[in-house]
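Reviewing the structure listed below.
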Amino acid sequence: MSSSQTTSRSQALAQVLMAACLGVMAVAVFFNVVLRYGFGSGIAASEELSRLLFVWMVFIGATAAYPAGEHMAFTSFVAGLRNHPKALQALTILIRALVILSCVMLGRGAWQQVEVGLSSNSVVLGYPNWLLPLPVLLSSLAIGLMALKELIQNKPMDFDHGVDVE
């Protein structure tokens, strides 16, 4: 299986997972609103479930956005260095090193939160509290590894990632 097939399959899986999270959140919140305003009582678990799914959805999306080049980028600044390959290469290395450093710091903090959550459960649903910071840890690990791979391969910056620049 080629790298592009793996990427497209992982992108498709991420989109399905995000859609599932969003669908469950929408249904849970809709029924909760209807029950509260229509019948005076709601589903206590709706808010907790929605919060958990929202966190997972955000970090699945952040992880899927990295290889697609859809994170915020200063392409107008960096693209100006196309005629200066040494400066562009140095800036590319700096950017990737900063991404890796950010992922290490984020992952370390997420791991600390996972450890804290190992000994407690959520109030209403009773799921283990380590499930809330887990997507942060996994996302930082995945993005950090992707950035490290790009750094090791000395991959040039991709300016044609399909995102409209305004």
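Ligands are numbered from 1 in the order shown, chains are lettered A, B, ... in the order of the structure tokens, and residues start at 1 in each chain.
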
Near-range 127-131 of chain A list (8 Å; only C-alpha atoms; drop same-chain fewer than 2 positions) as a PDB file with N, CA, C and O atoms, in the first residue's frame:
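part-v9.pdb, written as the output of this step:
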```pdb
ATOM      1  N   LEU A  52     -17.152  15.285  26.011  1.00  0.00           N
ATOM      2  CA  LEU A  52     -16.170  14.252  25.694  1.00  0.00           C
ATOM      3  C   LEU A  52     -16.020  14.092  24.183  1.00  0.00           C
ATOM      4  O   LEU A  52     -14.909  14.068  23.654  1.00  0.00           O
ATOM      5  N   GLN A 113      -2.307  14.845  32.788  1.00  0.00           N
ATOM      6  CA  GLN A 113      -3.754  14.829  32.989  1.00  0.00           C
ATOM      7  C   GLN A 113      -4.332  13.411  32.872  1.00  0.00           C
ATOM      8  O   GLN A 113      -5.287  13.070  33.580  1.00  0.00           O
ATOM      9  N   VAL A 114      -3.757  12.602  32.000  1.00  0.00           N
ATOM     10  CA  VAL A 114      -4.176  11.197  31.900  1.00  0.00           C
ATOM     11  C   VAL A 114      -3.889  10.491  33.225  1.00  0.00           C
ATOM     12  O   VAL A 114      -4.739   9.753  33.738  1.00  0.00           O
ATOM     13  N   GLU A 115      -2.698  10.728  33.779  1.00  0.00           N
ATOM     14  CA  GLU A 115      -2.357  10.111  35.064  1.00  0.00           C
ATOM     15  C   GLU A 115      -3.321  10.532  36.171  1.00  0.00           C
ATOM     16  O   GLU A 115      -3.723   9.711  36.997  1.00  0.00           O
ATOM     17  N   VAL A 116      -3.686  11.810  36.192  1.00  0.00           N
ATOM     18  CA  VAL A 116      -4.636  12.294  37.193  1.00  0.00           C
ATOM     19  C   VAL A 116      -5.992  11.608  37.004  1.00  0.00           C
ATOM     20  O   VAL A 116      -6.647  11.222  37.979  1.00  0.00           O
ATOM     21  N   GLY A 117      -6.391  11.420  35.749  1.00  0.00           N
ATOM     22  CA  GLY A 117      -7.689  10.833  35.462  1.00  0.00           C
ATOM     23  C   GLY A 117      -7.769   9.333  35.676  1.00  0.00           C
ATOM     24  O   GLY A 117      -8.859   8.759  35.649  1.00  0.00           O
ATOM     25  N   LEU A 118      -6.635   8.682  35.902  1.00  0.00           N
ATOM     26  CA  LEU A 118      -6.646   7.228  36.107  1.00  0.00           C
ATOM     27  C   LEU A 118      -7.385   6.823  37.377  1.00  0.00           C
ATOM     28  O   LEU A 118      -7.921   5.725  37.463  1.00  0.00           O
ATOM     29  N   SER A 119      -7.433   7.706  38.339  1.00  0.00           N
ATOM     30  CA  SER A 119      -8.018   7.355  39.639  1.00  0.00           C
ATOM     31  C   SER A 119      -9.421   7.920  39.842  1.00  0.00           C
ATOM     32  O   SER A 119      -9.931   7.886  40.957  1.00  0.00           O
ATOM     33  N   SER A 120     -10.041   8.436  38.777  1.00  0.00           N
ATOM     34  CA  SER A 120     -11.378   9.002  38.968  1.00  0.00           C
ATOM     35  C   SER A 120     -12.257   8.738  37.751  1.00  0.00           C
ATOM     36  O   SER A 120     -11.763   8.437  36.664  1.00  0.00           O
ATOM     37  N   ASN A 121     -13.540   8.870  37.965  1.00  0.00           N
ATOM     38  CA  ASN A 121     -14.529   8.681  36.896  1.00  0.00           C
ATOM     39  C   ASN A 121     -15.388   9.919  36.774  1.00  0.00           C
ATOM     40  O   ASN A 121     -15.492  10.714  37.708  1.00  0.00           O
ATOM     41  N   SER A 122     -16.004  10.071  35.609  1.00  0.00           N
ATOM     42  CA  SER A 122     -16.893  11.214  35.415  1.00  0.00           C
ATOM     43  C   SER A 122     -18.104  11.077  36.331  1.00  0.00           C
ATOM     44  O   SER A 122     -18.490   9.982  36.723  1.00  0.00           O
ATOM     45  N   LEU A 125     -21.833   9.910  33.725  1.00  0.00           N
ATOM     46  CA  LEU A 125     -21.709   8.687  32.926  1.00  0.00           C
ATOM     47  C   LEU A 125     -20.805   7.640  33.562  1.00  0.00           C
ATOM     48  O   LEU A 125     -20.928   6.457  33.275  1.00  0.00           O
ATOM     49  N   PRO A 133      -8.400  13.714  28.422  1.00  0.00           N
ATOM     50  CA  PRO A 133      -7.137  14.237  27.878  1.00  0.00           C
ATOM     51  C   PRO A 133      -6.438  13.275  26.915  1.00  0.00           C
ATOM     52  O   PRO A 133      -5.446  13.650  26.286  1.00  0.00           O
ATOM     53  N   LEU A 134      -6.940  12.052  26.775  1.00  0.00           N
ATOM     54  CA  LEU A 134      -6.281  11.077  25.903  1.00  0.00           C
ATOM     55  C   LEU A 134      -6.152  11.537  24.447  1.00  0.00           C
ATOM     56  O   LEU A 134      -5.082  11.364  23.847  1.00  0.00           O
ATOM     57  N   PRO A 135      -7.171  12.151  23.840  1.00  0.00           N
ATOM     58  CA  PRO A 135      -6.992  12.585  22.447  1.00  0.00           C
ATOM     59  C   PRO A 135      -5.921  13.661  22.288  1.00  0.00           C
ATOM     60  O   PRO A 135      -5.276  13.740  21.245  1.00  0.00           O
TER      61      PRO A 135
END
```

Determine, counting only C-alpha atoms, which protein, DNA and RNA residues have an atom within 7 Å of an atom of Met25 in chain A; residues of the same chain fewer than 4 positions away are not included. Present the result as a list in words.
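The residues that qualify are Cys21, Val29, Ser50 and Leu53 of chain A.
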
Among range 23-87 of chain A, which ones does DSSP place in helix (DSSP H, G or I), written as a PyMOL selection string?
chain A and resi 23-39+45-65+75-79+85-87

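The spacing separating CA of Val136 in chain A from CA of Leu94 in chain A amounts to 23.1 Å.
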
What's the separation between CA of Thr92 in chain A and CA of Met157 in chain A, in Å to one decimal place?
6.5 Å

Computed gap from CA of Met105 in chain A to CA of Val123 in chain A is 28.7 Å

Need the shell around range 10-13 of chain A: protein/DNA/RNA residues with any atom at most 12 Å away, counting only C-alpha atoms. Skip same-chain ones fewer than 5 positions apart. Format as a VMD selection string?
chain A and resid 3 to 5 18 to 20 60 to 68

Emit the selected residues as a JSON list (two decimals), in the first residue's frame, including N, CA, C and O atoms.
```json
[["chain", "number", "residue", "atom", "x", "y", "z"],
["A", 3, "SER", "N", 1.99, 5.31, 0.25],
["A", 3, "SER", "CA", 1.83, 6.33, 1.30],
["A", 3, "SER", "C", 0.58, 7.18, 1.07],
["A", 3, "SER", "O", -0.11, 7.55, 2.01],
["A", 4, "SER", "N", 0.29, 7.49, -0.20],
["A", 4, "SER", "CA", -0.89, 8.32, -0.49],
["A", 4, "SER", "C", -2.18, 7.56, -0.22],
["A", 4, "SER", "O", -3.17, 8.14, 0.21],
["A", 5, "GLN", "N", -2.19, 6.22, -0.45],
["A", 5, "GLN", "CA", -3.37, 5.43, -0.13],
["A", 5, "GLN", "C", -3.59, 5.38, 1.38],
["A", 5, "GLN", "O", -4.72, 5.48, 1.86],
["A", 18, "MET", "N", -15.06, 11.97, 12.98],
["A", 18, "MET", "CA", -15.53, 13.31, 13.34],
["A", 18, "MET", "C", -17.03, 13.46, 13.07],
["A", 18, "MET", "O", -17.76, 14.05, 13.86],
["A", 19, "ALA", "N", -17.48, 12.89, 11.96],
["A", 19, "ALA", "CA", -18.91, 12.95, 11.64],
["A", 19, "ALA", "C", -19.73, 12.18, 12.67],
["A", 19, "ALA", "O", -20.81, 12.63, 13.08],
["A", 20, "ALA", "N", -19.22, 11.03, 13.10],
["A", 20, "ALA", "CA", -19.92, 10.25, 14.12],
["A", 20, "ALA", "C", -20.00, 11.03, 15.44],
["A", 20, "ALA", "O", -21.07, 11.08, 16.07],
["A", 60, "ILE", "N", -9.06, 14.82, 16.75],
["A", 60, "ILE", "CA", -9.02, 13.98, 15.54],
["A", 60, "ILE", "C", -8.85, 14.89, 14.33],
["A", 60, "ILE", "O", -8.04, 14.62, 13.44],
["A", 61, "GLY", "N", -9.60, 15.98, 14.30],
["A", 61, "GLY", "CA", -9.51, 16.94, 13.20],
["A", 61, "GLY", "C", -8.15, 17.61, 13.12],
["A", 61, "GLY", "O", -7.59, 17.79, 12.04],
["A", 62, "ALA", "N", -7.59, 17.96, 14.27],
["A", 62, "ALA", "CA", -6.26, 18.60, 14.28],
["A", 62, "ALA", "C", -5.20, 17.65, 13.75],
["A", 62, "ALA", "O", -4.31, 18.05, 12.99],
["A", 63, "THR", "N", -5.31, 16.39, 14.11],
["A", 63, "THR", "CA", -4.34, 15.40, 13.64],
["A", 63, "THR", "C", -4.49, 15.17, 12.14],
["A", 63, "THR", "O", -3.50, 15.08, 11.42],
["A", 64, "ALA", "N", -5.72, 15.10, 11.67],
["A", 64, "ALA", "CA", -5.95, 14.89, 10.23],
["A", 64, "ALA", "C", -5.56, 16.11, 9.41],
["A", 64, "ALA", "O", -5.19, 15.99, 8.24],
["A", 65, "ALA", "N", -5.63, 17.29, 10.00],
["A", 65, "ALA", "CA", -5.32, 18.52, 9.27],
["A", 65, "ALA", "C", -3.82, 18.70, 9.04],
["A", 65, "ALA", "O", -3.42, 19.34, 8.07],
["A", 66, "TYR", "N", -2.98, 18.13, 9.91],
["A", 66, "TYR", "CA", -1.54, 18.36, 9.79],
["A", 66, "TYR", "C", -0.96, 17.85, 8.48],
["A", 66, "TYR", "O", -0.32, 18.62, 7.76],
["A", 67, "PRO", "N", -1.15, 16.58, 8.12],
["A", 67, "PRO", "CA", -0.53, 16.13, 6.86],
["A", 67, "PRO", "C", -1.15, 16.77, 5.63],
["A", 67, "PRO", "O", -0.51, 16.84, 4.57],
["A", 68, "ALA", "N", -2.36, 17.27, 5.75],
["A", 68, "ALA", "CA", -3.03, 17.93, 4.62],
["A", 68, "ALA", "C", -2.58, 19.38, 4.50],
["A", 68, "ALA", "O", -2.97, 20.07, 3.56]]
```

Can you pull out the residues contacting Ser140 in chain A? Cut-off 7 Å, using only C-alpha atoms, and skip same-chain residues under 2 positions away; I want them as a list in words.
Cys103, Leu106, Gly107, Val136, Leu137, Leu138, Ala142, Ile143 and Gly144 of chain A
